[in-house]
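One structure is given below, encoded as C-alpha cells.
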Amino acid sequence: MNTKKIMDCERKRFYKIINFRLPHKFMTIGIAVVALSIIMMFVRAFVMEGDTVWLKVLLQKSLLVGMLLMSISKDKEEDEMTITLRSQSYAIAFVIGVVYALVMPYVEFGVSNVVNSGGEVLKDLGDFQVLVFMLMIQLMFYHNLKRYR
Amino acid sequence: MQNTIKVERAILNITQDDLAKLIGVSRQTINSIEANRYVPSTVLALKLSELFNKPVNDFFNLSDDD
C-alpha cells in the first residue's frame, strides 16, 4: 500500500467519524433518558434518605448520556441544511461554553459572597456543569436555528 | 447569491414539497433557498439544474455583496 492509499484510507475513516450520527429513534430514547434522570434527581433530593451520593453521580452521567444521544441523533428529514445548522450550533455552544466556564466561577463567587455576607472561596466549575450547559446550548441553538430557517 | 427557483418551480408547476421530494431535501430547505437565507451546495445546485434542464447560472446569480 503506497502513501497516497494510506492517506486516502485515513481520510475516509476520519470523515466517517466526523459524519457519524445515530438514527432518529435515538432522539426519543435520549429524551426519555433525560426525563427519567431529571425525575429521579427530584426523587433523590426530596424523597430518598441516607447516603445517595452514588445515585447523584449516576444520574448526572445518565443525564449527560441522554443529552448526548439527543445531540447526535439524526433528524426525521436530514439534509445538507440541517447538517450545516448542527455544525453552527456546535460552534456557538463551544464558544459560549468556554465563556461560561471562564465567567461563571466569578459570578458564583460574587453572588455567594453577597448572599452569605463574605467568607466564600472561589471555586471552579465541575465538568458536569460545563458539559450540561454546552449540550443545552447546542440543543437549544440547533432547534432555534431550525425554527428560523 | 440570488436565485429564481420560485420562478422555475412555477414553470414546472410543482410545489415546494414536490421539489423537495424530487431532490431529496426537506421543504424548509427549499423555502430557505428561495428566500435567499441558505446557499445550497454544488451537489444540490446541480440536482436542480438537472431537474430544471437549465445551467446553474440561469437560476443562481451573484448579488452585489458577494
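Ordering of the C-alpha cells sets the chain letters (A, B, ...); residue numbers start at 1 within each chain; ligands are numbered from 1 in the order shown.
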
Counting only C-alpha atoms, collect the residues of chain B whose closest atom lies at most 9 Å from chain A, and write them out as a CSV table (one decimal) with C-alpha atoms, in the first residue's frame.
chain,number,residue,atom,x,y,z
B,24,GLY,CA,-34.1,14.7,-1.6
B,25,VAL,CA,-34.2,17.6,0.9
B,26,SER,CA,-36.8,19.0,3.3
B,28,GLN,CA,-38.0,24.0,4.7
B,29,THR,CA,-34.7,23.8,2.9
B,31,ASN,CA,-38.1,27.6,1.4
B,32,SER,CA,-34.8,28.9,2.8
B,37,ARG,CA,-31.4,32.5,3.5
B,38,TYR,CA,-29.4,29.5,2.5
B,40,PRO,CA,-27.1,25.3,-1.4
B,41,SER,CA,-24.1,23.0,-2.1
B,44,LEU,CA,-27.9,20.4,-4.8

When you look at stretch 132-138 of chain A with a cut-off of 8 Å (counting only C-alpha atoms), what residues show up, excluding the ones that are within fewer than 4 positions of it in the same chain? I need them as a VMD selection string. chain A and resid 64 67 to 68 71 89 to 90 92 to 94 96 to 97 128 142

Give me the residues near A:Leu58 as an MDAnalysis selection string, where near means some atom within 12 Å (using only C-alpha atoms) and where sequence neighbours in that chain fewer than 3 positions away do not count. chainID A and resid 37:38 40:41 44 52:55 61:65 128

Near B:Phe59, within 10 Å and counting only C-alpha atoms, which residues show up once chain neighbours fewer than 6 positions away are dropped, as a ChimeraX atom specification? /B:2-8,45,48-49,52

Could you jot down the atom CA of B:Asp17 to atom CA of B:Val56 separation for me, Å, one decimal place? 20.8 Å

I want to know what sits within 12 Å of A:Leu69, based on only C-alpha atoms, with residues of the same chain fewer than 5 positions away left out; could you give that as a PyMOL selection string? chain A and resi 21-34+62-64+74+135+139

Might you pull out every residue within 12 Å of B:Met1, with only C-alpha atoms counted and same-chain residues fewer than 6 positions away left off, and present them as a list in words? Ile33, Glu34, Ala35, Asn36, Arg37, Tyr38, Val39, Pro40, Asn57, Phe59, Phe60, Asn61, Leu62, Ser63, Asp64, Asp65 and Asp66 of chain B

Between atom CA of A:Phe42 and atom CA of A:Lys123 - distance in Å to one decimal: 24.8 Å

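With distances taken over only C-alpha atoms, A:Val130 is the one residue among A:Leu145, A:Ala91, A:Val43, A:Val130 lying closest to A:Val103.
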
Running DSSP on the backbone, which parts of chain B land in alpha helix (DSSP H), as an MDAnalysis selection string? chainID B and resid 5:12 16:23 27:34 42:52 56:59

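Reported to one decimal place, the separation of atom CA of B:Ile30 from atom CA of B:Thr15 is 10.0 Å.
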
When you count only C-alpha atoms, which of these residues is closest to A:Gly126: A:Phe141, A:Phe109, A:Met104, A:Asp75? A:Met104
